[in-house]
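Here's upload38.txt, which has compact mmCIF, C-alpha atoms:
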# COMPACT_ATOMS: atom_id res chain seq x y z
CA MET A 167 97.73 78.23 104.17
CA SER A 168 94.10 78.38 103.04
CA LEU A 169 93.45 77.24 99.50
CA PRO A 170 90.56 78.61 97.41
CA GLN A 171 87.81 76.35 96.20
CA PRO A 172 86.89 76.20 92.50
CA VAL A 173 83.31 76.87 93.60
CA PRO A 174 82.56 78.96 96.73
CA PRO A 175 81.62 76.72 99.67
CA ASN A 176 78.02 76.28 100.81
CA TRP A 177 76.82 77.44 97.38
CA LYS A 178 77.25 81.10 98.23
CA ALA A 179 77.45 81.73 94.51
CA SER A 180 75.66 83.77 91.89
CA LEU A 181 75.84 83.66 88.13
CA PHE A 182 78.93 85.87 88.23
CA ASP A 183 80.57 83.76 90.93
CA LEU A 184 80.90 80.93 88.44
CA GLY A 185 84.58 81.17 87.61
CA LYS A 186 85.27 83.08 90.84
CA SER A 187 88.57 81.31 91.51
CA SER A 188 89.89 82.32 88.10
CA ASN A 189 88.64 85.89 88.51
CA ASP A 190 90.23 86.20 91.96
CA LEU A 191 93.50 84.81 90.68
CA LEU A 192 93.63 87.37 87.86
CA SER A 193 92.28 90.41 89.72
CA LYS A 194 93.09 90.34 93.43
CA ASP A 195 96.40 91.21 95.14
CA PHE A 196 97.59 93.50 92.32
CA PRO A 197 97.60 97.01 93.87
CA ILE A 198 98.95 98.96 90.88
CA PHE A 199 96.83 102.11 90.87
CA GLY A 200 98.08 103.77 94.05
CA THR A 201 98.51 103.18 97.76
CA ALA A 202 95.75 101.70 99.89
CA LEU A 203 95.39 101.38 103.66
CA GLU A 204 92.75 99.40 105.53
CA VAL A 205 92.32 99.11 109.30
CA LYS A 206 89.82 96.71 110.91
CA THR A 207 88.98 96.26 114.57
CA LYS A 208 86.32 94.21 116.35
CA THR A 209 84.77 94.67 119.77
CA PRO A 210 83.69 91.82 122.10
CA SER A 211 80.05 92.81 121.55
CA GLY A 212 80.22 91.98 117.84
CA VAL A 213 80.70 95.47 116.40
CA THR A 214 83.33 95.74 113.67
CA PHE A 215 84.92 99.04 112.64
CA ARG A 216 86.70 99.48 109.34
CA VAL A 217 88.53 102.49 107.91
CA ALA A 218 89.89 102.36 104.36
CA GLY A 219 91.59 104.86 102.10
CA ASN A 220 93.22 104.89 98.70
CA ARG A 221 95.52 107.45 97.04
CA ASP A 222 95.32 107.37 93.26
CA SER A 223 98.78 107.46 91.71
CA ARG A 224 97.65 109.49 88.67
CA SER A 225 95.44 112.18 90.18
CA SER A 226 96.88 112.04 93.73
CA ALA A 227 93.27 112.15 94.94
CA ILE A 228 92.54 110.39 98.21
CA ALA A 229 89.24 108.59 98.69
CA GLY A 230 88.12 106.63 101.69
CA ASP A 231 85.30 105.48 103.90
CA ILE A 232 84.53 104.56 107.48
CA GLU A 233 82.32 101.60 108.28
CA ALA A 234 80.58 100.28 111.37
CA LYS A 235 79.06 96.79 111.29
CA TYR A 236 77.06 94.90 113.89
CA ALA A 237 76.45 91.18 113.48
CA ASP A 238 74.54 88.71 115.62
CA PRO A 239 74.99 85.30 113.93
CA LYS A 240 72.68 83.53 116.36
CA LYS A 241 69.78 85.81 115.47
CA GLY A 242 70.82 86.17 111.84
CA ILE A 243 70.91 89.97 112.01
CA THR A 244 73.57 92.21 110.44
CA ALA A 245 73.54 96.01 110.19
CA THR A 246 76.18 98.01 108.29
CA GLN A 247 76.63 101.78 107.99
CA VAL A 248 79.24 103.38 105.73
CA TRP A 249 80.16 107.06 105.29
CA THR A 250 82.45 107.92 102.39
CA THR A 251 84.67 110.92 101.70
CA SER A 252 82.33 111.79 98.80
CA ASN A 253 79.67 112.33 101.51
CA ALA A 254 77.60 109.29 100.61
CA LEU A 255 75.79 107.31 103.29
CA ARG A 256 75.39 103.60 102.57
CA THR A 257 73.18 101.47 104.82
CA GLN A 258 72.57 97.72 104.71
CA LEU A 259 70.26 95.63 106.89
CA GLU A 260 70.38 91.82 106.62
CA LEU A 261 68.11 89.11 108.00
CA GLU A 262 69.18 85.49 107.52
CA ASN A 263 67.20 82.33 108.29
CA GLN A 264 64.44 84.39 109.95
CA PHE A 265 61.52 83.36 107.74
CA ALA A 266 62.87 80.13 106.20
CA LYS A 267 66.08 78.14 106.39
CA GLY A 268 68.41 79.23 103.62
CA LEU A 269 66.55 82.52 102.99
CA LYS A 270 68.38 85.82 103.41
CA LEU A 271 66.77 89.25 103.01
CA ASP A 272 68.64 92.52 102.93
CA LEU A 273 67.92 96.15 102.12
CA SER A 274 70.73 98.32 100.76
CA SER A 275 70.35 102.08 100.42
CA VAL A 276 72.52 105.03 99.38
CA LEU A 277 71.85 108.67 100.24
CA LEU A 278 73.74 111.83 99.25
CA PRO A 279 72.82 114.30 102.03
CA GLU A 280 73.88 117.34 99.98
CA LYS A 281 71.37 116.47 97.24
CA GLY A 282 68.53 115.50 99.53
CA PRO A 283 65.94 112.68 99.30
CA LYS A 284 65.89 112.74 95.48
CA SER A 285 69.40 111.26 95.47
CA ALA A 286 68.32 108.21 97.46
CA SER A 287 68.48 104.73 96.00
CA ALA A 288 67.36 101.47 97.55
CA VAL A 289 67.65 97.82 96.52
CA LEU A 290 65.76 94.99 98.20
CA ASN A 291 67.56 91.65 97.88
CA ALA A 292 66.36 88.11 98.53
CA VAL A 293 68.76 85.16 98.47
CA TYR A 294 67.71 81.53 98.83
CA LYS A 295 70.25 78.73 98.92
CA GLN A 296 70.06 74.98 99.35
CA PRO A 297 72.50 72.18 98.44
CA GLY A 298 72.87 72.34 94.67
CA LEU A 299 70.73 75.47 94.31
CA HIS A 300 71.34 79.19 94.74
CA THR A 301 68.85 81.85 93.64
CA ARG A 302 68.72 85.63 94.08
CA ALA A 303 66.21 88.39 93.33
CA PHE A 304 66.78 92.15 93.45
CA LEU A 305 64.22 94.93 93.36
CA ASP A 306 65.52 98.40 92.54
CA VAL A 307 62.85 100.42 94.33
CA PHE A 308 63.40 103.83 92.73
CA LYS A 309 64.78 102.90 89.31
CA GLY A 310 62.16 101.48 86.99
CA PRO A 311 61.32 99.78 89.31
CA THR A 312 63.53 96.98 87.98
CA VAL A 313 63.51 93.37 89.12
CA THR A 314 66.65 91.27 88.57
CA ALA A 315 66.76 87.55 89.26
CA ASP A 316 69.44 84.92 88.81
CA GLY A 317 69.95 81.32 89.74
CA VAL A 318 72.62 78.64 89.77
CA VAL A 319 71.99 74.90 89.89
CA GLY A 320 74.59 72.17 90.11
CA ARG A 321 74.86 68.42 89.93
CA ASP A 322 77.83 66.05 89.68
CA GLY A 323 80.20 68.99 89.24
CA PHE A 324 78.22 70.64 86.42
CA LEU A 325 76.94 74.17 87.04
CA LEU A 326 74.30 76.11 85.10
CA GLY A 327 73.33 79.73 85.77
CA ALA A 328 71.09 82.39 84.25
CA GLU A 329 70.17 86.01 84.96
CA SER A 330 67.48 88.37 83.73
CA SER A 331 66.35 91.94 84.49
CA PHE A 332 62.75 93.11 83.98
CA ASP A 333 61.59 96.74 83.87
CA VAL A 334 58.21 96.65 85.60
CA GLN A 335 56.99 100.02 84.30
CA ARG A 336 57.93 99.39 80.66
CA GLY A 337 57.16 95.67 80.78
CA VAL A 338 60.34 94.63 78.95
CA ILE A 339 63.39 92.49 79.69
CA THR A 340 66.36 94.87 79.82
CA LYS A 341 69.22 92.43 80.47
CA TYR A 342 69.96 88.73 80.32
CA ALA A 343 72.99 86.50 80.76
CA ALA A 344 73.87 82.82 81.13
CA ALA A 345 76.77 80.66 82.30
CA LEU A 346 77.85 77.03 82.17
CA GLY A 347 80.65 75.47 84.17
CA TYR A 348 82.23 72.33 85.52
CA SER A 349 83.95 72.06 88.87
CA ALA A 350 86.31 69.43 90.19
CA PRO A 351 88.38 69.48 93.40
CA GLU A 352 91.53 70.64 91.56
CA TYR A 353 90.15 72.63 88.62
CA ALA A 354 87.16 74.49 87.23
CA VAL A 355 86.12 75.70 83.77
CA THR A 356 83.42 78.27 83.02
CA LEU A 357 81.69 79.77 79.97
CA HIS A 358 79.75 83.05 80.18
CA SER A 359 77.39 84.84 77.83
CA LEU A 360 76.93 88.40 79.10
CA GLY A 361 75.54 91.76 78.01
CA ASN A 362 72.50 90.34 76.22
CA ALA A 363 74.66 87.81 74.37
CA SER A 364 77.11 90.48 73.19
CA ILE A 365 80.08 89.43 75.36
CA PHE A 366 81.38 85.87 75.60
CA SER A 367 84.06 84.66 77.99
CA ALA A 368 85.79 81.41 78.88
CA SER A 369 87.98 80.81 81.92
CA TYR A 370 89.73 78.04 83.77
CA TYR A 371 91.32 77.63 87.18
CA HIS A 372 93.77 74.86 88.09
CA ARG A 373 95.24 74.11 91.49
CA VAL A 374 98.45 72.54 90.21
CA SER A 375 99.69 71.67 93.69
CA SER A 376 99.29 72.87 97.25
CA ASP A 377 101.71 75.72 96.46
CA VAL A 378 100.89 76.63 92.85
CA GLU A 379 97.73 77.85 91.14
CA ALA A 380 97.16 78.81 87.50
CA GLY A 381 94.33 80.26 85.48
CA ALA A 382 93.37 82.08 82.32
CA LYS A 383 90.46 84.02 80.86
CA ALA A 384 89.48 84.89 77.28
CA ILE A 385 86.85 87.51 76.39
CA TYR A 386 85.22 88.26 73.05
CA ASP A 387 83.17 91.47 72.82
CA THR A 388 81.08 91.62 69.65
CA LYS A 389 80.64 95.39 70.08
CA ALA A 390 84.30 96.21 70.60
CA THR A 391 85.75 98.42 67.86
CA ALA A 392 89.18 96.79 68.00
CA GLY A 393 87.83 93.28 67.48
CA GLY A 394 89.58 90.06 68.36
CA VAL A 395 89.77 88.16 71.62
CA THR A 396 91.45 89.48 74.77
CA LEU A 397 93.42 86.85 76.64
CA GLU A 398 94.90 86.95 80.13
CA VAL A 399 96.85 84.24 81.92
CA GLY A 400 98.19 84.23 85.47
CA ALA A 401 99.73 82.14 88.23
CA LYS A 402 100.20 82.21 91.99
CA ALA A 403 102.94 80.55 94.03
CA TYR A 404 103.21 80.30 97.81
CA LEU A 405 106.73 80.96 99.06
CA ASP A 406 105.82 79.83 102.57
CA SER A 407 102.84 79.97 104.90
CA ALA A 408 103.10 83.78 105.17
CA ALA A 409 103.98 84.93 101.64
CA PHE A 410 103.05 84.41 98.02
CA VAL A 411 103.77 85.93 94.62
CA LYS A 412 101.44 86.40 91.65
CA ALA A 413 101.98 87.24 88.01
CA LYS A 414 99.72 87.76 85.01
CA ILE A 415 100.10 88.94 81.43
CA ASN A 416 97.61 89.73 78.67
CA ASN A 417 97.81 89.77 74.90
CA ALA A 418 98.37 93.54 74.93
CA GLY A 419 101.74 92.91 76.56
CA LEU A 420 100.83 94.21 80.03
CA LEU A 421 102.76 92.27 82.68
CA VAL A 422 101.57 92.64 86.29
CA LEU A 423 103.41 91.31 89.34
CA GLY A 424 102.24 91.09 92.93
CA TYR A 425 103.87 90.15 96.23
CA THR A 426 101.96 89.64 99.48
CA GLN A 427 103.58 89.18 102.89
CA ALA A 428 101.92 88.57 106.23
CA LEU A 429 104.22 90.54 108.54
CA ARG A 430 102.55 89.29 111.69
CA PRO A 431 99.06 88.08 112.68
CA GLY A 432 96.62 90.74 111.48
CA VAL A 433 99.17 92.73 109.46
CA LYS A 434 99.50 92.20 105.72
CA ALA A 435 101.41 94.13 103.05
CA THR A 436 100.93 93.77 99.29
CA PHE A 437 103.03 95.36 96.55
CA GLY A 438 102.19 95.57 92.86
CA LEU A 439 104.07 96.44 89.67
CA ALA A 440 102.66 96.75 86.14
CA LEU A 441 104.96 96.89 83.12
CA ASP A 442 103.96 97.60 79.53
CA THR A 443 106.38 95.21 77.86
CA GLN A 444 105.90 96.98 74.51
CA ARG A 445 107.26 100.23 75.97
CA LEU A 446 110.18 99.01 78.03
CA ASN A 447 112.60 100.98 75.83
CA ASP A 448 110.41 104.08 75.66
CA THR A 449 112.16 106.76 77.73
CA THR A 450 109.56 109.48 77.09
CA ALA A 451 107.05 110.65 79.67
CA THR A 452 104.33 108.69 77.89
CA GLY A 453 106.39 105.53 78.10
CA ALA A 454 107.10 106.02 81.78
CA ALA A 455 103.41 106.61 82.51
CA ALA A 456 102.58 103.23 81.00
CA HIS A 457 104.24 101.52 83.98
CA LYS A 458 102.50 101.52 87.37
CA VAL A 459 103.43 100.70 90.93
CA GLY A 460 101.38 100.52 94.10
CA ALA A 461 101.00 99.06 97.58
CA SER A 462 98.32 97.97 99.99
CA PHE A 463 98.51 97.61 103.78
CA VAL A 464 95.92 95.87 105.96
CA PHE A 465 95.83 96.00 109.76
CA GLU A 466 93.27 93.80 111.48
CA GLY A 467 92.80 93.36 115.17
Rewrite the structure from the file as structure tokens, please.
Amino acid sequence: MSLPQPVPPNWKASLFDLGKSSNDLLSKDFPIFGTALEVKTKTPSGVTFRVAGNRDSRSSAIAGDIEAKYADPKKGITATQVWTTSNALRTQLELENQFAKGLKLDLSSVLLPEKGPKSASAVLNAVYKQPGLHTRAFLDVFKGPTVTADGVVGRDGFLLGAESSFDVQRGVITKYAAALGYSAPEYAVTLHSLGNASIFSASYYHRVSSDVEAGAKAIYDTKATAGGVTLEVGAKAYLDSAAFVKAKINNAGLLVLGYTQALRPGVKATFGLALDTQRLNDTTATGAAAHKVGASFVFEG
């Protein structure tokens, strides 16, 4: 089985990737909002096709997309085209290590054909990474224009990150955030200050053993009307090399369970169940709607 790293390998991290292991533990493999299906295939020439769809359990609406991706790792070129059921065309072109080692440039655009050129958006991204350093810069071409930059530096397990957005036309900083973390082979802790210092979060991830992982996250939003701190704790246990279970619960009493099984190479099924523990004895329609169930199926060849 492959075990996650407290910090993504090769420093492929941004400010918001600090604490990624904890976020993945508490957010991934819990399909509770409907049924999802994903099919991936790859040709010998390096073209990957992907079709994904999701049926929302509440509205019964089905949304999906089809994606074609060409990658040439030797030349550092990747091209991706996506067409969604909402009739949006998303295009991404990537160039890596073409102008300097560790530098990656990509252009991402979205177009709604029904609304014409005025609906277009484009973001130019630049990523530069070296051992112990990872920086990014984004230019939103049509909005503002706005430049967003972030960076993460690390030494002896300590990580420090910061992000800022600057509106070029208005000449003002519109957003800023910061993060501090420490990473060891078996655990990681992270502190975030987000939303212009209006949201504060703390998280930890601990690889207890080769088969058990645990983590928690606390968030304090100074602008929240309810007040107080939201707390979520979760764990993951491998049953064998092909299956694992996950569970998490928050201070609102929402218990979420997940089970993932690799049926065969390239075929994976995940099932999720969410229970509002404060409404277990509520037999009304409102009480029943508080509980959710879902599934996800992935076929890859």
| region 220-230 of chain A environment, 12 Å, all atoms listed in the file, sequence neighbours closer than 4 positions dropped, as an MDAnalysis selection string | chainID A and resid 197:205 216 248:254 455:464
| Counting all atoms listed in the file, the residue of A:Lys414, A:Arg302, A:His372, A:Lys383 that sits nearest Asp272 (chain A) |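 Comparing A:Lys414, A:Arg302, A:His372, A:Lys383 against Asp272 (chain A), the winner is A:Arg302.
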| query | In terms of the shortest atom-to-atom distance over only C-alpha atoms, which of A:Leu360, A:Leu255, A:Ala288, A:Ala234 is closest to Ala343 (chain A)? | reply | A:Leu360
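The interatomic distance for the pair CA of Tyr294 (chain A) and CA of Asn263 (chain A) works out to 9.5 Å.
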| said: Env of Leu357 (chain A): 10 Å cut, atoms = only C-alpha atoms, seq-sep filter 6 positions within chain, self excluded. Answer as a PyMOL selection string. | reply: chain A and resi 184-185+326+344-348+366-370+383-385
| field | Residues within 8 Å of (89.2, 74.1, 88.2), counting only C-alpha atoms, listed as a PyMOL selection string | value | chain A and resi 172+187+348-355+370-373
| Between CA of Gly317 (chain A) and CA of Ala292 (chain A), what is the distance, to one decimal in Å? |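 So the answer is 11.7 Å.
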| task | Using all atoms listed in the file, find all polymer residues with an atom at most 10 Å away from the point (100.8, 80.2, 90.1); report them as a ChimeraX atom specification. | result | /A:191,372-375,377-381,399-404,410-414
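Residue nearest Phe324 (chain A) within the list A:Thr356, A:Thr443, A:Ser275, A:Ser193: A:Thr356 [criterion: smallest interatomic distance, all atoms listed in the file].
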| message | Would you compute the distance between CA of Gly323 (chain A) and CA of Ile415 (chain A)? Give it in Å to one decimal. | response |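 Calculated distance between CA of Gly323 (chain A) and CA of Ile415 (chain A) is 29.2 Å.
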| message | For a quick check of understanding, using all atoms listed in the file, which of A:Ala237, A:Val395, A:Val338, A:Leu299 has the smallest distance to Leu325 (chain A)? | response | A:Leu299
| message | Given only C-alpha atoms as the basis, pick out the residue of A:Tyr425, A:Tyr342, A:Phe437, A:Tyr236 nearest to Phe215 (chain A). | response |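 Closest to Phe215 (chain A), using only C-alpha atoms: A:Tyr236.
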| Given the choices A:Ala303, A:Val293, A:Ala286, A:Ile243, which gets closest to Ala266 (chain A) if the distance is worked out from all atoms listed in the file? |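 The answer is A:Val293, which sits nearest to Ala266 (chain A).
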